$ cat final04.pdb   # PDB, N, CA and C atoms
MODEL        1
ATOM      1  N   MET A 133      37.318 -45.710   8.563
ATOM      2  CA  MET A 133      37.727 -45.122   7.305
ATOM      3  C   MET A 133      39.129 -45.616   6.972
ATOM      4  N   ASN A 134      39.982 -45.780   8.020
ATOM      5  CA  ASN A 134      41.331 -46.283   7.770
ATOM      6  C   ASN A 134      41.317 -47.739   7.337
ATOM      7  N   SER A 135      40.395 -48.514   7.861
ATOM      8  CA  SER A 135      40.397 -49.941   7.545
ATOM      9  C   SER A 135      39.728 -50.248   6.209
ATOM     10  N   ASP A 136      38.772 -49.411   5.747
ATOM     11  CA  ASP A 136      38.095 -49.701   4.468
ATOM     12  C   ASP A 136      37.902 -48.407   3.684
ATOM     13  N   PHE A 137      38.995 -47.776   3.295
ATOM     14  CA  PHE A 137      38.943 -46.517   2.559
ATOM     15  C   PHE A 137      38.219 -46.689   1.240
ATOM     16  N   ALA A 138      38.449 -47.764   0.536
ATOM     17  CA  ALA A 138      37.798 -48.021  -0.758
ATOM     18  C   ALA A 138      36.289 -48.150  -0.570
ATOM     19  N   GLY A 139      35.850 -48.780   0.510
ATOM     20  CA  GLY A 139      34.426 -48.916   0.779
ATOM     21  C   GLY A 139      33.772 -47.564   1.041
ATOM     22  N   VAL A 140      34.454 -46.721   1.804
ATOM     23  CA  VAL A 140      33.945 -45.366   2.074
ATOM     24  C   VAL A 140      33.897 -44.571   0.776
ATOM     25  N   GLN A 141      34.949 -44.680  -0.003
ATOM     26  CA  GLN A 141      35.005 -43.976  -1.290
ATOM     27  C   GLN A 141      33.899 -44.473  -2.204
ATOM     28  N   ASN A 142      33.666 -45.767  -2.217
ATOM     29  CA  ASN A 142      32.617 -46.367  -3.024
ATOM     30  C   ASN A 142      31.233 -45.891  -2.567
ATOM     31  N   PHE A 143      31.048 -45.701  -1.255
ATOM     32  CA  PHE A 143      29.771 -45.228  -0.725
ATOM     33  C   PHE A 143      29.435 -43.851  -1.300
ATOM     34  N   PHE A 144      30.414 -42.959  -1.291
ATOM     35  CA  PHE A 144      30.155 -41.602  -1.773
ATOM     36  C   PHE A 144      30.155 -41.501  -3.288
ATOM     37  N   HIS A 145      31.021 -42.214  -3.934
ATOM     38  CA  HIS A 145      31.114 -42.084  -5.394
ATOM     39  C   HIS A 145      31.573 -43.414  -5.957
ATOM     40  N   SER A 146      30.610 -44.239  -6.264
ATOM     41  CA  SER A 146      30.974 -45.552  -6.781
ATOM     42  C   SER A 146      31.290 -45.463  -8.262
ATOM     43  N   ALA A 147      32.017 -46.410  -8.733
ATOM     44  CA  ALA A 147      32.398 -46.446 -10.145
ATOM     45  C   ALA A 147      31.180 -46.678 -11.024
ATOM     46  N   THR A 148      30.155 -47.311 -10.507
ATOM     47  CA  THR A 148      28.954 -47.586 -11.299
ATOM     48  C   THR A 148      27.987 -46.411 -11.329
ATOM     49  N   GLY A 149      28.253 -45.362 -10.546
ATOM     50  CA  GLY A 149      27.399 -44.177 -10.551
ATOM     51  C   GLY A 149      26.192 -44.311  -9.647
ATOM     52  N   THR A 150      26.194 -45.280  -8.742
ATOM     53  CA  THR A 150      25.048 -45.460  -7.846
ATOM     54  C   THR A 150      25.392 -45.118  -6.406
ATOM     55  N   GLY A 151      26.430 -44.340  -6.193
ATOM     56  CA  GLY A 151      26.835 -43.993  -4.839
ATOM     57  C   GLY A 151      25.976 -42.892  -4.247
ATOM     58  N   PHE A 152      26.345 -42.499  -3.041
ATOM     59  CA  PHE A 152      25.613 -41.473  -2.304
ATOM     60  C   PHE A 152      25.563 -40.161  -3.083
ATOM     61  N   ALA A 153      26.671 -39.750  -3.671
ATOM     62  CA  ALA A 153      26.717 -38.489  -4.419
ATOM     63  C   ALA A 153      25.762 -38.515  -5.601
ATOM     64  N   ALA A 154      25.740 -39.626  -6.338
ATOM     65  CA  ALA A 154      24.833 -39.730  -7.490
ATOM     66  C   ALA A 154      23.385 -39.730  -7.015
ATOM     67  N   SER A 155      23.131 -40.410  -5.914
ATOM     68  CA  SER A 155      21.776 -40.449  -5.363
ATOM     69  C   SER A 155      21.337 -39.058  -4.899
ATOM     70  N   LEU A 156      22.223 -38.354  -4.211
ATOM     71  CA  LEU A 156      21.914 -36.997  -3.754
ATOM     72  C   LEU A 156      21.673 -36.070  -4.935
ATOM     73  N   LYS A 157      22.502 -36.188  -5.967
ATOM     74  CA  LYS A 157      22.341 -35.363  -7.169
ATOM     75  C   LYS A 157      20.995 -35.653  -7.821
ATOM     76  N   ALA A 158      20.628 -36.924  -7.905
ATOM     77  CA  ALA A 158      19.353 -37.303  -8.512
ATOM     78  C   ALA A 158      18.179 -36.732  -7.722
ATOM     79  N   GLN A 159      18.314 -36.622  -6.410
ATOM     80  CA  GLN A 159      17.248 -36.056  -5.593
ATOM     81  C   GLN A 159      17.210 -34.530  -5.647
ATOM     82  N   LEU A 160      18.371 -33.906  -5.801
ATOM     83  CA  LEU A 160      18.425 -32.443  -5.816
ATOM     84  C   LEU A 160      18.102 -31.850  -7.178
ATOM     85  N   ASP A 161      18.401 -32.567  -8.262
ATOM     86  CA  ASP A 161      18.163 -32.033  -9.604
ATOM     87  C   ASP A 161      16.716 -31.572  -9.820
ATOM     88  N   PRO A 162      15.720 -32.361  -9.428
ATOM     89  CA  PRO A 162      14.347 -31.869  -9.627
ATOM     90  C   PRO A 162      14.031 -30.624  -8.803
ATOM     91  N   LEU A 163      14.722 -30.444  -7.720
ATOM     92  CA  LEU A 163      14.472 -29.275  -6.877
ATOM     93  C   LEU A 163      15.164 -28.028  -7.395
ATOM     94  N   THR A 164      16.329 -28.207  -8.003
ATOM     95  CA  THR A 164      17.145 -27.053  -8.389
ATOM     96  C   THR A 164      17.134 -26.760  -9.877
ATOM     97  N   ASP A 165      16.325 -27.446 -10.659
ATOM     98  CA  ASP A 165      16.247 -27.176 -12.097
ATOM     99  C   ASP A 165      15.876 -25.711 -12.299
ATOM    100  N   PRO A 166      16.616 -24.997 -13.174
ATOM    101  CA  PRO A 166      16.382 -23.545 -13.292
ATOM    102  C   PRO A 166      14.995 -23.163 -13.813
ATOM    103  N   THR A 167      14.321 -24.059 -14.530
ATOM    104  CA  THR A 167      13.001 -23.694 -15.063
ATOM    105  C   THR A 167      11.856 -24.448 -14.402
ATOM    106  N   GLN A 168      12.039 -25.683 -14.044
ATOM    107  CA  GLN A 168      10.960 -26.495 -13.483
ATOM    108  C   GLN A 168      11.216 -26.951 -12.057
ATOM    109  N   GLY A 169      12.336 -26.576 -11.495
ATOM    110  CA  GLY A 169      12.665 -27.002 -10.138
ATOM    111  C   GLY A 169      11.769 -26.358  -9.100
ATOM    112  N   ALA A 170      11.537 -27.078  -8.019
ATOM    113  CA  ALA A 170      10.655 -26.577  -6.961
ATOM    114  C   ALA A 170      11.163 -25.260  -6.381
ATOM    115  N   PHE A 171      12.465 -25.147  -6.212
ATOM    116  CA  PHE A 171      13.025 -23.903  -5.672
ATOM    117  C   PHE A 171      12.817 -22.748  -6.634
ATOM    118  N   SER A 172      13.042 -23.001  -7.924
ATOM    119  CA  SER A 172      12.864 -21.940  -8.928
ATOM    120  C   SER A 172      11.414 -21.506  -9.006
ATOM    121  N   ILE A 173      10.509 -22.481  -8.972
ATOM    122  CA  ILE A 173       9.082 -22.157  -9.032
ATOM    123  C   ILE A 173       8.664 -21.379  -7.792
ATOM    124  N   GLU A 174       9.171 -21.795  -6.636
ATOM    125  CA  GLU A 174       8.843 -21.092  -5.389
ATOM    126  C   GLU A 174       9.390 -19.665  -5.402
ATOM    127  N   LEU A 175      10.611 -19.498  -5.874
ATOM    128  CA  LEU A 175      11.200 -18.155  -5.948
ATOM    129  C   LEU A 175      10.416 -17.267  -6.903
ATOM    130  N   LYS A 176       9.986 -17.827  -8.034
ATOM    131  CA  LYS A 176       9.196 -17.051  -8.988
ATOM    132  C   LYS A 176       7.856 -16.660  -8.360
ATOM    133  N   GLY A 177       7.244 -17.606  -7.643
ATOM    134  CA  GLY A 177       5.975 -17.304  -6.972
ATOM    135  C   GLY A 177       6.134 -16.201  -5.945
ATOM    136  N   MET A 178       7.229 -16.254  -5.196
ATOM    137  CA  MET A 178       7.485 -15.210  -4.201
ATOM    138  C   MET A 178       7.722 -13.869  -4.881
ATOM    139  N   SER A 179       8.436 -13.886  -5.985
ATOM    140  CA  SER A 179       8.697 -12.653  -6.726
ATOM    141  C   SER A 179       7.395 -12.074  -7.280
ATOM    142  N   ASP A 180       6.535 -12.946  -7.819
ATOM    143  CA  ASP A 180       5.247 -12.483  -8.331
ATOM    144  C   ASP A 180       4.385 -11.921  -7.197
ATOM    145  N   GLY A 181       4.424 -12.581  -6.036
ATOM    146  CA  GLY A 181       3.676 -12.087  -4.884
ATOM    147  C   GLY A 181       4.174 -10.732  -4.436
ATOM    148  N   GLU A 182       5.481 -10.557  -4.428
ATOM    149  CA  GLU A 182       6.067  -9.270  -4.041
ATOM    150  C   GLU A 182       5.631  -8.174  -5.006
ATOM    151  N   LYS A 183       5.628  -8.490  -6.309
ATOM    152  CA  LYS A 183       5.202  -7.508  -7.308
ATOM    153  C   LYS A 183       3.729  -7.153  -7.107
ATOM    154  N   SER A 184       2.924  -8.159  -6.804
ATOM    155  CA  SER A 184       1.505  -7.912  -6.574
ATOM    156  C   SER A 184       1.301  -7.001  -5.362
ATOM    157  N   PHE A 185       2.031  -7.272  -4.286
ATOM    158  CA  PHE A 185       1.932  -6.418  -3.099
ATOM    159  C   PHE A 185       2.405  -5.000  -3.404
ATOM    160  N   GLN A 186       3.473  -4.872  -4.167
ATOM    161  CA  GLN A 186       3.976  -3.538  -4.511
ATOM    162  C   GLN A 186       2.957  -2.789  -5.356
ATOM    163  N   ASP A 187       2.297  -3.490  -6.287
ATOM    164  CA  ASP A 187       1.245  -2.862  -7.094
ATOM    165  C   ASP A 187       0.096  -2.382  -6.208
ATOM    166  N   GLN A 188      -0.281  -3.201  -5.232
ATOM    167  CA  GLN A 188      -1.344  -2.807  -4.309
ATOM    168  C   GLN A 188      -0.934  -1.584  -3.499
ATOM    169  N   ILE A 189       0.302  -1.556  -3.056
ATOM    170  CA  ILE A 189       0.811  -0.409  -2.295
ATOM    171  C   ILE A 189       0.785   0.841  -3.165
ATOM    172  N   ASP A 190       1.247   0.712  -4.419
ATOM    173  CA  ASP A 190       1.257   1.867  -5.330
ATOM    174  C   ASP A 190      -0.155   2.399  -5.555
ATOM    175  N   HIS A 191      -1.123   1.491  -5.787
ATOM    176  CA  HIS A 191      -2.506   1.924  -6.005
ATOM    177  C   HIS A 191      -3.071   2.590  -4.741
ATOM    178  N   TYR A 192      -2.742   2.045  -3.591
ATOM    179  CA  TYR A 192      -3.249   2.620  -2.347
ATOM    180  C   TYR A 192      -2.633   3.995  -2.087
ATOM    181  N   GLU A 193      -1.358   4.159  -2.435
ATOM    182  CA  GLU A 193      -0.728   5.475  -2.269
ATOM    183  C   GLU A 193      -1.387   6.510  -3.174
ATOM    184  N   ILE A 194      -1.754   6.107  -4.395
ATOM    185  CA  ILE A 194      -2.460   7.014  -5.305
ATOM    186  C   ILE A 194      -3.828   7.360  -4.729
ATOM    187  N   TYR A 195      -4.524   6.355  -4.197
ATOM    188  CA  TYR A 195      -5.836   6.578  -3.583
ATOM    189  C   TYR A 195      -5.717   7.549  -2.409
ATOM    190  N   ILE A 196      -4.718   7.340  -1.571
ATOM    191  CA  ILE A 196      -4.526   8.215  -0.408
ATOM    192  C   ILE A 196      -4.229   9.641  -0.850
ATOM    193  N   ALA A 197      -3.389   9.801  -1.869
ATOM    194  CA  ALA A 197      -3.065  11.144  -2.365
ATOM    195  C   ALA A 197      -4.318  11.825  -2.919
ATOM    196  N   THR A 198      -5.143  11.073  -3.633
ATOM    197  CA  THR A 198      -6.381  11.623  -4.187
ATOM    198  C   THR A 198      -7.334  12.030  -3.056
ATOM    199  N   GLN A 199      -7.473  11.158  -2.058
ATOM    200  CA  GLN A 199      -8.336  11.471  -0.921
ATOM    201  C   GLN A 199      -7.821  12.696  -0.170
ATOM    202  N   LYS A 200      -6.512  12.802  -0.025
ATOM    203  CA  LYS A 200      -5.930  13.950   0.671
ATOM    204  C   LYS A 200      -6.269  15.238  -0.069
ATOM    205  N   THR A 201      -6.133  15.213  -1.395
ATOM    206  CA  THR A 201      -6.452  16.392  -2.200
ATOM    207  C   THR A 201      -7.929  16.757  -2.056
ATOM    208  N   LEU A 202      -8.789  15.750  -2.137
ATOM    209  CA  LEU A 202     -10.226  15.987  -2.021
ATOM    210  C   LEU A 202     -10.584  16.553  -0.650
ATOM    211  N   LEU A 203     -10.047  15.960   0.399
ATOM    212  CA  LEU A 203     -10.346  16.437   1.752
ATOM    213  C   LEU A 203      -9.775  17.834   1.998
ATOM    214  N   THR A 204      -8.615  18.123   1.426
ATOM    215  CA  THR A 204      -8.033  19.461   1.568
ATOM    216  C   THR A 204      -8.924  20.500   0.884
ATOM    217  N   GLN A 205      -9.459  20.151  -0.283
ATOM    218  CA  GLN A 205     -10.367  21.066  -0.989
ATOM    219  C   GLN A 205     -11.640  21.290  -0.173
ATOM    220  N   GLN A 206     -12.179  20.212   0.387
ATOM    221  CA  GLN A 206     -13.391  20.350   1.191
ATOM    222  C   GLN A 206     -13.115  21.185   2.444
ATOM    223  N   TYR A 207     -11.986  20.953   3.088
ATOM    224  CA  TYR A 207     -11.625  21.734   4.271
ATOM    225  C   TYR A 207     -11.510  23.211   3.906
ATOM    226  N   THR A 208     -10.878  23.489   2.777
ATOM    227  CA  THR A 208     -10.697  24.878   2.349
ATOM    228  C   THR A 208     -12.053  25.546   2.135
ATOM    229  N   GLN A 209     -12.996  24.832   1.523
ATOM    230  CA  GLN A 209     -14.329  25.389   1.296
ATOM    231  C   GLN A 209     -15.062  25.647   2.619
ATOM    232  N   VAL A 210     -14.968  24.693   3.534
ATOM    233  CA  VAL A 210     -15.612  24.859   4.836
ATOM    234  C   VAL A 210     -14.961  26.003   5.608
ATOM    235  N   ASP A 211     -13.647  26.068   5.572
ATOM    236  CA  ASP A 211     -12.931  27.134   6.268
ATOM    237  C   ASP A 211     -13.333  28.497   5.719
ATOM    238  N   LEU A 212     -13.422  28.602   4.408
ATOM    239  CA  LEU A 212     -13.831  29.863   3.789
ATOM    240  C   LEU A 212     -15.251  30.222   4.211
ATOM    241  N   ALA A 213     -16.146  29.243   4.217
ATOM    242  CA  ALA A 213     -17.533  29.507   4.628
ATOM    243  C   ALA A 213     -17.589  29.946   6.086
ATOM    244  N   LEU A 214     -16.816  29.309   6.939
ATOM    245  CA  LEU A 214     -16.810  29.689   8.356
ATOM    246  C   LEU A 214     -16.221  31.075   8.563
ATOM    247  N   ARG A 215     -15.244  31.435   7.778
ATOM    248  CA  ARG A 215     -14.658  32.776   7.891
ATOM    249  C   ARG A 215     -15.640  33.854   7.434
ATOM    250  N   GLN A 216     -16.562  33.499   6.545
ATOM    251  CA  GLN A 216     -17.528  34.473   6.039
ATOM    252  C   GLN A 216     -18.744  34.614   6.953
ATOM    253  N   LEU A 217     -18.918  33.689   7.880
ATOM    254  CA  LEU A 217     -20.089  33.740   8.760
ATOM    255  C   LEU A 217     -20.177  35.031   9.575
ATOM    256  N   PRO A 218     -19.102  35.492  10.197
ATOM    257  CA  PRO A 218     -19.236  36.744  10.952
ATOM    258  C   PRO A 218     -19.680  37.914  10.068
ATOM    259  N   LEU A 219     -19.166  37.994   8.863
ATOM    260  CA  LEU A 219     -19.567  39.056   7.944
ATOM    261  C   LEU A 219     -21.043  38.911   7.577
ATOM    262  N   LEU A 220     -21.468  37.690   7.320
ATOM    263  CA  LEU A 220     -22.863  37.427   6.987
ATOM    264  C   LEU A 220     -23.767  37.764   8.171
ATOM    265  N   GLN A 221     -23.324  37.393   9.360
ATOM    266  CA  GLN A 221     -24.108  37.712  10.557
ATOM    267  C   GLN A 221     -24.201  39.230  10.739
ATOM    268  N   GLN A 222     -23.104  39.910  10.474
ATOM    269  CA  GLN A 222     -23.101  41.367  10.591
ATOM    270  C   GLN A 222     -24.071  41.982   9.581
ATOM    271  N   GLN A 223     -24.091  41.449   8.353
ATOM    272  CA  GLN A 223     -25.006  41.963   7.335
ATOM    273  C   GLN A 223     -26.464  41.719   7.728
ATOM    274  N   ILE A 224     -26.715  40.524   8.257
ATOM    275  CA  ILE A 224     -28.086  40.197   8.671
ATOM    276  C   ILE A 224     -28.519  41.106   9.822
ATOM    277  N   ASN A 225     -27.644  41.282  10.798
ATOM    278  CA  ASN A 225     -27.969  42.175  11.919
ATOM    279  C   ASN A 225     -28.196  43.593  11.441
ATOM    280  N   SER A 226     -27.392  44.015  10.488
ATOM    281  CA  SER A 226     -27.545  45.359   9.943
ATOM    282  C   SER A 226     -28.889  45.498   9.242
ATOM    283  N   GLU A 227     -29.260  44.499   8.462
ATOM    284  CA  GLU A 227     -30.548  44.531   7.764
ATOM    285  C   GLU A 227     -31.709  44.521   8.770
ATOM    286  N   LEU A 228     -31.576  43.650   9.789
ATOM    287  CA  LEU A 228     -32.654  43.570  10.779
ATOM    288  C   LEU A 228     -32.778  44.872  11.561
ATOM    289  N   ASN A 229     -31.667  45.474  11.920
ATOM    290  CA  ASN A 229     -31.709  46.748  12.627
ATOM    291  C   ASN A 229     -32.247  47.850  11.733
ATOM    292  N   PHE A 230     -31.869  47.826  10.466
ATOM    293  CA  PHE A 230     -32.369  48.845   9.544
ATOM    294  C   PHE A 230     -33.867  48.688   9.378
ATOM    295  N   ASN A 231     -34.305  47.452   9.147
ATOM    296  CA  ASN A 231     -35.739  47.194   8.997
ATOM    297  C   ASN A 231     -36.457  47.482  10.315
ATOM    298  N   GLY A 232     -35.853  47.106  11.403
ATOM    299  CA  GLY A 232     -36.470  47.346  12.705
ATOM    300  C   GLY A 232     -36.590  48.838  12.966
ATOM    301  N   ASN A 233     -35.562  49.617  12.628
ATOM    302  CA  ASN A 233     -35.626  51.065  12.812
ATOM    303  C   ASN A 233     -36.624  51.684  11.861
ATOM    304  N   SER A 234     -36.694  51.165  10.648
ATOM    305  CA  SER A 234     -37.607  51.692   9.645
ATOM    306  C   SER A 234     -39.039  51.412  10.066
ATOM    307  N   ASN A 235     -39.283  50.213  10.545
ATOM    308  CA  ASN A 235     -40.648  49.855  10.983
ATOM    309  C   ASN A 235     -41.042  50.642  12.231
ATOM    310  N   SER A 236     -40.117  50.819  13.132
ATOM    311  CA  SER A 236     -40.451  51.556  14.341
ATOM    312  C   SER A 236     -40.646  53.032  14.033
ATOM    313  N   ASN A 237     -39.943  53.602  13.029
ATOM    314  CA  ASN A 237     -40.128  54.989  12.651
ATOM    315  C   ASN A 237     -41.475  55.200  11.992
ATOM    316  N   SER A 238     -41.859  54.235  11.164
ATOM    317  CA  SER A 238     -43.148  54.386  10.487
ATOM    318  C   SER A 238     -44.299  54.146  11.451
ATOM    319  N   ASN A 239     -44.092  53.327  12.448
ATOM    320  CA  ASN A 239     -45.129  53.096  13.465
ATOM    321  C   ASN A 239     -45.257  54.303  14.391
ATOM    322  N   ASN A 240     -44.124  54.984  14.586
ATOM    323  CA  ASN A 240     -44.127  56.138  15.478
ATOM    324  C   ASN A 240     -44.697  57.359  14.772
ATOM    325  N   GLY A 241     -44.699  57.443  13.481
ATOM    326  CA  GLY A 241     -45.011  58.651  12.771
ATOM    327  C   GLY A 241     -46.370  58.863  12.465
TER     328      GLY A 241
ENDMDL
END
$ encode --input "final04.pdb" --output "structure tokens"
Amino acid sequence: MNSDFAGVQNFFHSATGTGFAASLKAQLDPLTDPTQGAFSIELKGMSDGEKSFQDQIDHYEIYIATQKTLLTQQYTQVDLALRQLPLLQQQINSELNFNGNSNSNSNNG
């Protein structure tokens, strides 16, 4: 670099615009263009993918909440029915004993 400073300078930035810096810029411009650059397109695609995943998550959360409500209602109905079973069994036993006593009284008489 000490022996050929102008040559090194020319390599990076030549007066004709064909140096390393101009070449690097020419290669990076298509990648970094704000509307058509590969990086911009990739970032937009990633952003769209993220939005799509978030939409799926939101829909699934709504589905889960709906299922939870439905299952809670079904559980409540089953629980109520199970709580009424002893009373129903008691009524049936009472009817059977009443009928059994009535039939045995009429058979005895």
$ atom_distance --input "final04.pdb" --atom1 "CA of Ala170 in chain A" --atom2 "atom C of Ala154 in chain A"
18.3 Å
$ atom_distance --input "final04.pdb" --atom1 "CA of Thr201 in chain A" --atom2 "CA of Gln186 in chain A"
22.6 Å
$ axis_aligned_box --input "final04.pdb" --around "range 202-220 of chain A" --padding-each-side "6 Å" --output "lines of an AutoDock Vina configuration file"
center_x = -15.9
center_y = 27.4
center_z = 4.4
size_x = 27.7
size_y = 35.3
size_z = 25.1
$ select_by_dssp --input "final04.pdb" --residues "chain A" --states "helix (DSSP H, G or I)" --output "PyMOL selection string"
chain A and resi 137-144+152-164+170-240
$ atom_distance --input "final04.pdb" --atom1 "atom C of Gln141 in chain A" --atom2 "atom N of Asp165 in chain A"
25.9 Å
$ build_atoms --input "final04.pdb" --residues "range 154-173 of chain A" --atoms "N, CA, C and O atoms" --output "compact mmCIF listing (two decimals), in the coordinates of the input"
# COMPACT_ATOMS: atom_id res chain seq x y z
N ALA A 154 25.74 -39.63 -6.34
CA ALA A 154 24.83 -39.73 -7.49
C ALA A 154 23.38 -39.73 -7.02
O ALA A 154 22.51 -39.12 -7.64
N SER A 155 23.13 -40.41 -5.91
CA SER A 155 21.78 -40.45 -5.36
C SER A 155 21.34 -39.06 -4.90
O SER A 155 20.21 -38.63 -5.17
N LEU A 156 22.22 -38.35 -4.21
CA LEU A 156 21.91 -37.00 -3.75
C LEU A 156 21.67 -36.07 -4.93
O LEU A 156 20.73 -35.28 -4.93
N LYS A 157 22.50 -36.19 -5.97
CA LYS A 157 22.34 -35.36 -7.17
C LYS A 157 21.00 -35.65 -7.82
O LYS A 157 20.28 -34.74 -8.23
N ALA A 158 20.63 -36.92 -7.90
CA ALA A 158 19.35 -37.30 -8.51
C ALA A 158 18.18 -36.73 -7.72
O ALA A 158 17.15 -36.38 -8.30
N GLN A 159 18.31 -36.62 -6.41
CA GLN A 159 17.25 -36.06 -5.59
C GLN A 159 17.21 -34.53 -5.65
O GLN A 159 16.14 -33.92 -5.56
N LEU A 160 18.37 -33.91 -5.80
CA LEU A 160 18.42 -32.44 -5.82
C LEU A 160 18.10 -31.85 -7.18
O LEU A 160 17.60 -30.73 -7.26
N ASP A 161 18.40 -32.57 -8.26
CA ASP A 161 18.16 -32.03 -9.60
C ASP A 161 16.72 -31.57 -9.82
O ASP A 161 16.50 -30.48 -10.34
N PRO A 162 15.72 -32.36 -9.43
CA PRO A 162 14.35 -31.87 -9.63
C PRO A 162 14.03 -30.62 -8.80
O PRO A 162 13.16 -29.84 -9.16
N LEU A 163 14.72 -30.44 -7.72
CA LEU A 163 14.47 -29.28 -6.88
C LEU A 163 15.16 -28.03 -7.40
O LEU A 163 14.67 -26.92 -7.24
N THR A 164 16.33 -28.21 -8.00
CA THR A 164 17.14 -27.05 -8.39
C THR A 164 17.13 -26.76 -9.88
O THR A 164 17.84 -25.85 -10.32
N ASP A 165 16.32 -27.45 -10.66
CA ASP A 165 16.25 -27.18 -12.10
C ASP A 165 15.88 -25.71 -12.30
O ASP A 165 14.94 -25.21 -11.68
N PRO A 166 16.62 -25.00 -13.17
CA PRO A 166 16.38 -23.54 -13.29
C PRO A 166 15.00 -23.16 -13.81
O PRO A 166 14.53 -22.05 -13.57
N THR A 167 14.32 -24.06 -14.53
CA THR A 167 13.00 -23.69 -15.06
C THR A 167 11.86 -24.45 -14.40
O THR A 167 10.79 -23.88 -14.20
N GLN A 168 12.04 -25.68 -14.04
CA GLN A 168 10.96 -26.50 -13.48
C GLN A 168 11.22 -26.95 -12.06
O GLN A 168 10.39 -27.67 -11.49
N GLY A 169 12.34 -26.58 -11.50
CA GLY A 169 12.66 -27.00 -10.14
C GLY A 169 11.77 -26.36 -9.10
O GLY A 169 11.28 -25.24 -9.27
N ALA A 170 11.54 -27.08 -8.02
CA ALA A 170 10.66 -26.58 -6.96
C ALA A 170 11.16 -25.26 -6.38
O ALA A 170 10.38 -24.35 -6.11
N PHE A 171 12.46 -25.15 -6.21
CA PHE A 171 13.02 -23.90 -5.67
C PHE A 171 12.82 -22.75 -6.63
O PHE A 171 12.44 -21.64 -6.23
N SER A 172 13.04 -23.00 -7.92
CA SER A 172 12.86 -21.94 -8.93
C SER A 172 11.41 -21.51 -9.01
O SER A 172 11.11 -20.32 -9.09
N ILE A 173 10.51 -22.48 -8.97
CA ILE A 173 9.08 -22.16 -9.03
C ILE A 173 8.66 -21.38 -7.79
O ILE A 173 7.91 -20.40 -7.87
